[in-house]
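Participant: Have a look at this one before I ask anything.
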Amino acid sequence: MKNFSNLSYSLDINNSIVFSYLNDPMPEIIDKLNKFHRKPDTNYLCIYITPFSKDDTIVLNQSFYYKIKYQLLFRNIVCQAIKKETFDPNSFPFSLRNIGIAILAKLGGIPWKLQTTVKEELIIGVGAYKSKKYNIQYLGSAFCFKNDGTFTGFDCFSKSNPVLLAGAIGKAVQTFLEQHKTVNRVIIHFFKQMSNADYQHIQKTLRSLKLNIPVIVITFNKSESSDIVFFDNSVPEKIPESGAFINAGNKQMLLCNNSRYGSVMPNKIEGFPFPIKLSFWSSDPEIINCPETIQELVNQAYQFSRLNWSSVIQQNLPVTVSYPAKIAQMFPHFQAPDLPGFAKNTLWFL
């Protein structure tokens, strides 16, 4: 733990919990949590050695995972769940590096950030997940970062509601202004094409804050084989180098975001081999008519895909979109109207 996360820690044996009744461990766990006494000025992390996972095929077992997560969040405790099978001595050293990264981020640390000039701009990500069980589309909204990748907080609500979305974005901008006094532009990474109602409500909310700042919206879509794609004929696999992008016309760019770096092809292509499609809109059209600005925005989106703090493997979508989608996927399992305030300022879901 110390080697991988560079954190000093102590084990709280007295508050440790052992449950024996697998069919329903919640009474034992809640009884122990109700007796939990936290020390002042102390951050707590629960290492949960679990017989179940969030992807368990048995719905009841899956529900225990989320119930335990919520009970801990309610008590301002982040949790790192580790399946008991992970402790195989042959594979555990490889799992440990990902676990260490996630733990550091959950406790408020920054495993790595972007090497870029810090600007007074706010990047807000909006992702979604359609719950088949509850038949509701949840938005993990106003997921906020500085331009160097520093996480500043998020909000979450159900249903695709432009008023709630605009309100969450307005609240995020206000919070940013309280901390930084000025904001030069707001960049929104969106999981789908925004509707005119979305644009209008966002602009109306920012005007109500008496802010005359440009808003840039970038929407992300995974392209399919039938869409426009491009290839690199210099390698047998035809996959362009990660980070390459081309203009697809109509204010759209195609960005390759894979695991090929340089001329060397990996033995295994991680993630999504097709390029992702980026579409641009701005409250000031002149901004996205500038090729240098578009190149900057595409590169920023690419760099945010390298900020994945739950794994050392690069993902094909930026965390501004993928992190909100993770939240939206988990939120309905809690069966609660809202998340605890503590949860909105930590990366507990990694």
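Note on naming: chains are A, B, ... as they come in the structure tokens, residues start from 1 per chain, ligands start from 1 in the order shown.
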Excluding same-chain residues fewer than 2 positions from Phe74 of chain A, what lies within 12 Å of it counting only C-alpha atoms, as a PDB file with N, CA and C atoms, in the first residue's frame?

Facilitator:
ATOM      1  N   ILE A  30     -24.165  -3.350   9.503  1.00  0.00           N
ATOM      2  CA  ILE A  30     -24.760  -2.112  10.010  1.00  0.00           C
ATOM      3  C   ILE A  30     -24.645  -2.024  11.528  1.00  0.00           C
ATOM      4  N   LEU A  33     -21.200  -0.860  12.158  1.00  0.00           N
ATOM      5  CA  LEU A  33     -21.027   0.532  11.737  1.00  0.00           C
ATOM      6  C   LEU A  33     -21.705   1.500  12.695  1.00  0.00           C
ATOM      7  N   ASN A  34     -22.825   1.087  13.279  1.00  0.00           N
ATOM      8  CA  ASN A  34     -23.518   1.944  14.242  1.00  0.00           C
ATOM      9  C   ASN A  34     -22.692   2.155  15.509  1.00  0.00           C
ATOM     10  N   LYS A  67     -25.231  -1.575  -1.292  1.00  0.00           N
ATOM     11  CA  LYS A  67     -25.705  -1.204   0.053  1.00  0.00           C
ATOM     12  C   LYS A  67     -24.541  -0.879   0.976  1.00  0.00           C
ATOM     13  N   ILE A  68     -23.499  -1.694   0.902  1.00  0.00           N
ATOM     14  CA  ILE A  68     -22.321  -1.461   1.748  1.00  0.00           C
ATOM     15  C   ILE A  68     -21.637  -0.161   1.336  1.00  0.00           C
ATOM     16  N   LYS A  69     -21.493   0.065   0.032  1.00  0.00           N
ATOM     17  CA  LYS A  69     -20.894   1.313  -0.466  1.00  0.00           C
ATOM     18  C   LYS A  69     -21.650   2.527   0.092  1.00  0.00           C
ATOM     19  N   TYR A  70     -22.990   2.470   0.026  1.00  0.00           N
ATOM     20  CA  TYR A  70     -23.793   3.619   0.445  1.00  0.00           C
ATOM     21  C   TYR A  70     -23.700   3.836   1.953  1.00  0.00           C
ATOM     22  N   GLN A  71     -23.758   2.755   2.725  1.00  0.00           N
ATOM     23  CA  GLN A  71     -23.662   2.879   4.178  1.00  0.00           C
ATOM     24  C   GLN A  71     -22.348   3.535   4.593  1.00  0.00           C
ATOM     25  N   LEU A  72     -21.273   3.204   3.891  1.00  0.00           N
ATOM     26  CA  LEU A  72     -19.974   3.800   4.198  1.00  0.00           C
ATOM     27  C   LEU A  72     -19.927   5.266   3.761  1.00  0.00           C
ATOM     28  N   ASN A  76     -19.164   9.101   5.676  1.00  0.00           N
ATOM     29  CA  ASN A  76     -17.955   9.791   5.195  1.00  0.00           C
ATOM     30  C   ASN A  76     -16.745   8.856   5.127  1.00  0.00           C
ATOM     31  N   ILE A  77     -16.983   7.652   4.646  1.00  0.00           N
ATOM     32  CA  ILE A  77     -15.906   6.674   4.503  1.00  0.00           C
ATOM     33  C   ILE A  77     -15.877   6.194   3.058  1.00  0.00           C
ATOM     34  N   VAL A  78     -14.712   6.304   2.415  1.00  0.00           N
ATOM     35  CA  VAL A  78     -14.575   5.754   1.065  1.00  0.00           C
ATOM     36  C   VAL A  78     -14.218   4.275   1.178  1.00  0.00           C
ATOM     37  N   CYS A  79     -14.502   3.553   0.115  1.00  0.00           N
ATOM     38  CA  CYS A  79     -14.357   2.096   0.159  1.00  0.00           C
ATOM     39  C   CYS A  79     -13.613   1.610  -1.071  1.00  0.00           C
ATOM     40  N   PHE A 334     -28.502   2.683  -5.363  1.00  0.00           N
ATOM     41  CA  PHE A 334     -28.579   3.156  -3.979  1.00  0.00           C
ATOM     42  C   PHE A 334     -30.017   3.360  -3.532  1.00  0.00           C
ATOM     43  N   ALA A 336     -31.798   5.930  -3.392  1.00  0.00           N
ATOM     44  CA  ALA A 336     -31.873   7.104  -2.521  1.00  0.00           C
ATOM     45  C   ALA A 336     -32.103   8.328  -3.405  1.00  0.00           C
ATOM     46  N   ASP A 338     -30.776  11.210  -3.274  1.00  0.00           N
ATOM     47  CA  ASP A 338     -29.579  12.007  -3.524  1.00  0.00           C
ATOM     48  C   ASP A 338     -28.386  11.315  -2.884  1.00  0.00           C
ATOM     49  N   LEU A 339     -27.199  11.745  -3.266  1.00  0.00           N
ATOM     50  CA  LEU A 339     -25.971  11.251  -2.649  1.00  0.00           C
ATOM     51  C   LEU A 339     -25.626  12.125  -1.449  1.00  0.00           C
ATOM     52  N   PRO A 340     -24.954  11.556  -0.436  1.00  0.00           N
ATOM     53  CA  PRO A 340     -24.479  12.396   0.671  1.00  0.00           C
ATOM     54  C   PRO A 340     -23.531  13.466   0.139  1.00  0.00           C
ATOM     55  N   GLY A 341     -23.516  14.637   0.799  1.00  0.00           N
ATOM     56  CA  GLY A 341     -22.662  15.733   0.353  1.00  0.00           C
ATOM     57  C   GLY A 341     -21.206  15.335   0.246  1.00  0.00           C
ATOM     58  N   PHE A 342     -20.743  14.509   1.173  1.00  0.00           N
ATOM     59  CA  PHE A 342     -19.358  14.033   1.158  1.00  0.00           C
ATOM     60  C   PHE A 342     -19.034  13.340  -0.159  1.00  0.00           C
ATOM     61  N   ALA A 343     -20.000  12.579  -0.687  1.00  0.00           N
ATOM     62  CA  ALA A 343     -19.763  11.771  -1.891  1.00  0.00           C
ATOM     63  C   ALA A 343     -19.569  12.620  -3.135  1.00  0.00           C
ATOM     64  N   LYS A 344     -20.063  13.882  -3.109  1.00  0.00           N
ATOM     65  CA  LYS A 344     -19.991  14.719  -4.303  1.00  0.00           C
ATOM     66  C   LYS A 344     -18.655  15.413  -4.457  1.00  0.00           C
ATOM     67  N   TRP A 348     -15.084   8.316  -4.958  1.00  0.00           N
ATOM     68  CA  TRP A 348     -15.333   7.060  -4.273  1.00  0.00           C
ATOM     69  C   TRP A 348     -15.700   5.926  -5.221  1.00  0.00           C
TER      70      TRP A 348
END

Participant: Name the residues in contact with Phe220 of chain A at a cut-off of 9 Å, using only C-alpha atoms, excluding same-chain residues fewer than 5 positions from it; report them as a short mmCIF file (atom, residue, chain, number, x, y, z; two decimals) with N, CA and C atoms, in the first residue's frame.

Facilitator:
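Output file around_4.cif is given in full below:
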data_model
loop_
_atom_site.label_atom_id
_atom_site.label_comp_id
_atom_site.auth_asym_id
_atom_site.auth_seq_id
_atom_site.Cartn_x
_atom_site.Cartn_y
_atom_site.Cartn_z
N HIS A 189 -18.02 18.89 -21.88
CA HIS A 189 -17.90 17.62 -22.59
C HIS A 189 -19.21 16.85 -22.39
N PHE A 190 -19.90 16.59 -23.48
CA PHE A 190 -21.25 16.02 -23.40
C PHE A 190 -21.28 14.65 -24.06
N PHE A 191 -22.13 13.77 -23.53
CA PHE A 191 -22.16 12.38 -23.99
C PHE A 191 -22.98 12.19 -25.27
N LYS A 192 -23.73 13.20 -25.67
CA LYS A 192 -24.54 13.09 -26.89
C LYS A 192 -24.76 14.49 -27.45
N GLN A 193 -25.38 14.56 -28.59
CA GLN A 193 -25.66 15.86 -29.19
C GLN A 193 -26.65 16.62 -28.30
N ILE A 276 -13.04 8.06 -32.13
CA ILE A 276 -14.24 8.66 -31.56
C ILE A 276 -14.52 9.96 -32.32
N LYS A 277 -15.80 10.32 -32.38
CA LYS A 277 -16.22 11.49 -33.15
C LYS A 277 -16.50 12.64 -32.19
N LEU A 278 -15.88 13.78 -32.44
CA LEU A 278 -16.07 14.98 -31.63
C LEU A 278 -16.79 16.02 -32.47
N SER A 279 -17.87 16.58 -31.92
CA SER A 279 -18.61 17.66 -32.58
C SER A 279 -18.51 18.91 -31.71
N LEU A 317 -12.47 7.15 -24.00
CA LEU A 317 -13.26 8.36 -23.76
C LEU A 317 -12.63 9.16 -22.63
N VAL A 321 -16.38 12.39 -19.46
CA VAL A 321 -17.59 11.72 -19.91
C VAL A 321 -17.73 10.34 -19.26
#

Participant: Write out as a short mmCIF file (atom, residue, chain, number, x, y, z; two decimals) with N, CA and C atoms, in the first residue's frame each polymer residue whose atoms come within 7 Å of segment 50-59 of chain A, counting only C-alpha atoms; drop sequence neighbours fewer than 3 positions from it.

Facilitator:
data_model
loop_
_atom_site.label_atom_id
_atom_site.label_comp_id
_atom_site.auth_asym_id
_atom_site.auth_seq_id
_atom_site.Cartn_x
_atom_site.Cartn_y
_atom_site.Cartn_z
N GLN A 62 -25.44 -8.65 -5.87
CA GLN A 62 -25.03 -7.37 -6.42
C GLN A 62 -25.51 -6.22 -5.53
N SER A 63 -26.73 -6.37 -4.98
CA SER A 63 -27.29 -5.30 -4.15
C SER A 63 -26.47 -5.10 -2.87
N TYR A 65 -23.27 -5.25 -2.52
CA TYR A 65 -22.13 -4.41 -2.88
C TYR A 65 -22.51 -2.93 -2.78
N ALA A 81 -13.31 -1.91 -2.77
CA ALA A 81 -13.74 -3.30 -2.78
C ALA A 81 -12.73 -4.14 -3.56
N ILE A 82 -12.38 -5.28 -3.01
CA ILE A 82 -11.45 -6.20 -3.67
C ILE A 82 -12.05 -7.60 -3.58
N LYS A 83 -12.28 -8.21 -4.72
CA LYS A 83 -12.81 -9.58 -4.71
C LYS A 83 -11.77 -10.51 -4.12
N LYS A 84 -12.23 -11.49 -3.34
CA LYS A 84 -11.29 -12.37 -2.64
C LYS A 84 -10.39 -13.14 -3.61
#

Participant: Given the choices A:Ser305, A:Arg260, A:Ile49, A:Met330, which gets closest to Glu85 of chain A if the distance is worked out from only C-alpha atoms?

Facilitator: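 That would be A:Ile49, the residue with the smallest distance to Glu85 of chain A.
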
Participant: In Å, with one decimal, what is the gap from atom CA of Ser242 of chain A to atom CA of Ser259 of chain A?

Facilitator: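 Value for the atom CA of Ser242 of chain A-atom CA of Ser259 of chain A distance: 6.3 Å.
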
Participant: Please provide as a PDB file with N, CA and C atoms, in the first residue's frame all residues within 12 Å of Asn3 of chain A, with the sequence filter that same-chain residues fewer than 6 positions apart are discarded (counting only C-alpha atoms).

Facilitator:
ATOM      1  N   TYR A   9      -0.384   4.872   6.685  1.00  0.00           N
ATOM      2  CA  TYR A   9      -1.697   4.487   7.189  1.00  0.00           C
ATOM      3  C   TYR A   9      -1.526   3.609   8.421  1.00  0.00           C
ATOM      4  N   PRO A  93       0.180  -8.859  -7.504  1.00  0.00           N
ATOM      5  CA  PRO A  93       1.075  -7.707  -7.700  1.00  0.00           C
ATOM      6  C   PRO A  93       0.652  -6.807  -8.857  1.00  0.00           C
ATOM      7  N   LEU A  96      -2.406  -4.811  -7.708  1.00  0.00           N
ATOM      8  CA  LEU A  96      -2.107  -3.877  -6.627  1.00  0.00           C
ATOM      9  C   LEU A  96      -1.809  -2.475  -7.138  1.00  0.00           C
ATOM     10  N   ARG A  97      -1.187  -2.364  -8.310  1.00  0.00           N
ATOM     11  CA  ARG A  97      -0.866  -1.017  -8.810  1.00  0.00           C
ATOM     12  C   ARG A  97      -2.141  -0.247  -9.134  1.00  0.00           C
ATOM     13  N   ILE A  99      -5.109  -0.853  -7.751  1.00  0.00           N
ATOM     14  CA  ILE A  99      -5.759  -0.624  -6.456  1.00  0.00           C
ATOM     15  C   ILE A  99      -5.131   0.577  -5.756  1.00  0.00           C
ATOM     16  N   GLY A 100      -3.799   0.649  -5.787  1.00  0.00           N
ATOM     17  CA  GLY A 100      -3.090   1.751  -5.127  1.00  0.00           C
ATOM     18  C   GLY A 100      -3.437   3.100  -5.731  1.00  0.00           C
ATOM     19  N   ILE A 101      -3.527   3.145  -7.068  1.00  0.00           N
ATOM     20  CA  ILE A 101      -3.887   4.392  -7.764  1.00  0.00           C
ATOM     21  C   ILE A 101      -5.285   4.839  -7.365  1.00  0.00           C
ATOM     22  N   LEU A 104      -5.479   6.154  -3.717  1.00  0.00           N
ATOM     23  CA  LEU A 104      -4.904   7.490  -3.588  1.00  0.00           C
ATOM     24  C   LEU A 104      -5.901   8.545  -4.060  1.00  0.00           C
TER      25      LEU A 104
END

Participant: What does the distance between atom CA of His180 of chain A and atom CA of Glu121 of chain A come to in Å, to one decimal place?

Facilitator: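 Calculated distance between atom CA of His180 of chain A and atom CA of Glu121 of chain A is 9.6 Å.
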
Participant: Under the rule of at most 10 Å, produce a per-residue listing of segment 168-256 of chain A near segment 147-153 of chain A: chain, number, name, the closest pair of atoms, and the distance in Å, as a tab-separated table, using only C-alpha atoms.

Facilitator:
residue	atom	partner	partner_atom	distance
A:Ala172	CA	A:Gly153	CA	8.3
A:Thr175	CA	A:Thr152	CA	9.3
A:Phe176	CA	A:Thr152	CA	8.5
A:Ile187	CA	A:Asn147	CA	9.4

Participant: Next, the residues of the selection above should be written as a short mmCIF file (atom, residue, chain, number, x, y, z; two decimals), in the first residue's frame with N, CA and C atoms.

Facilitator:
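Result file is selection_34.cif:
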data_model
loop_
_atom_site.label_atom_id
_atom_site.label_comp_id
_atom_site.auth_asym_id
_atom_site.auth_seq_id
_atom_site.Cartn_x
_atom_site.Cartn_y
_atom_site.Cartn_z
N ALA A 172 -21.79 24.92 -10.65
CA ALA A 172 -20.37 24.59 -10.78
C ALA A 172 -19.55 25.83 -11.12
N THR A 175 -19.23 28.07 -8.01
CA THR A 175 -18.24 27.52 -7.07
C THR A 175 -16.83 27.80 -7.56
N PHE A 176 -16.61 27.63 -8.86
CA PHE A 176 -15.30 27.90 -9.44
C PHE A 176 -14.91 29.36 -9.25
N ILE A 187 -15.90 24.94 -20.78
CA ILE A 187 -15.90 23.88 -21.79
C ILE A 187 -16.73 22.72 -21.25
#

Participant: Residues near Val217 of chain A, anyone? I mean within 6 Å using only C-alpha atoms, not counting same-chain ones fewer than 3 positions away, as a PyMOL selection string.

Facilitator: chain A and resi 187-188+280-281

Participant: Name the closest residue to Arg207 of chain A among the candidates A:Tyr44, A:Ala325, A:Ala166, A:Ala142; distances are taken between atoms, counting only C-alpha atoms.

Facilitator: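 When distances to Arg207 of chain A are compared using only C-alpha atoms, the smallest one comes from A:Ala166.
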
Participant: Which of segment 40-107 of chain A end up as strand (DSSP E or B) when DSSP is run on this backbone - answer as a list in words?

Facilitator: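 Taking segment 40-107 of chain A and keeping strand (DSSP E or B) only, one gets Leu45, Cys46, Ile47, Tyr48, Ile49, Thr50, Val78, Cys79, Gln80, Ala81, Ile82 and Lys83 of chain A.
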
Participant: With C-alpha atoms retained, could you export that selection as a short mmCIF file (atom, residue, chain, number, x, y, z; two decimals), in the first residue's frame?

Facilitator:
data_model
loop_
_atom_site.label_atom_id
_atom_site.label_comp_id
_atom_site.auth_asym_id
_atom_site.auth_seq_id
_atom_site.Cartn_x
_atom_site.Cartn_y
_atom_site.Cartn_z
CA LEU A 45 -10.75 4.06 4.03
CA CYS A 46 -12.55 0.73 4.17
CA ILE A 47 -10.88 -2.19 2.39
CA TYR A 48 -13.84 -4.43 1.61
CA ILE A 49 -12.82 -8.02 0.85
CA THR A 50 -15.94 -9.10 -0.94
CA VAL A 78 -14.58 5.75 1.07
CA CYS A 79 -14.36 2.10 0.16
CA GLN A 80 -12.04 -0.02 -1.96
CA ALA A 81 -13.74 -3.30 -2.78
CA ILE A 82 -11.45 -6.20 -3.67
CA LYS A 83 -12.81 -9.58 -4.71
#

Participant: Work out how far apart atom CA of His201 of chain A and atom CA of Cys144 of chain A are and give it in Å to one decimal.

Facilitator: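 Taking atom CA of His201 of chain A as the start and atom CA of Cys144 of chain A as the end point, the length is 18.6 Å.
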
Participant: Using only C-alpha atoms, which residue out of A:Pro25, A:Lys113, A:Phe36, A:Asn90 lies closest to Arg75 of chain A?

Facilitator: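 Closest residue, counting only C-alpha atoms: A:Phe36.
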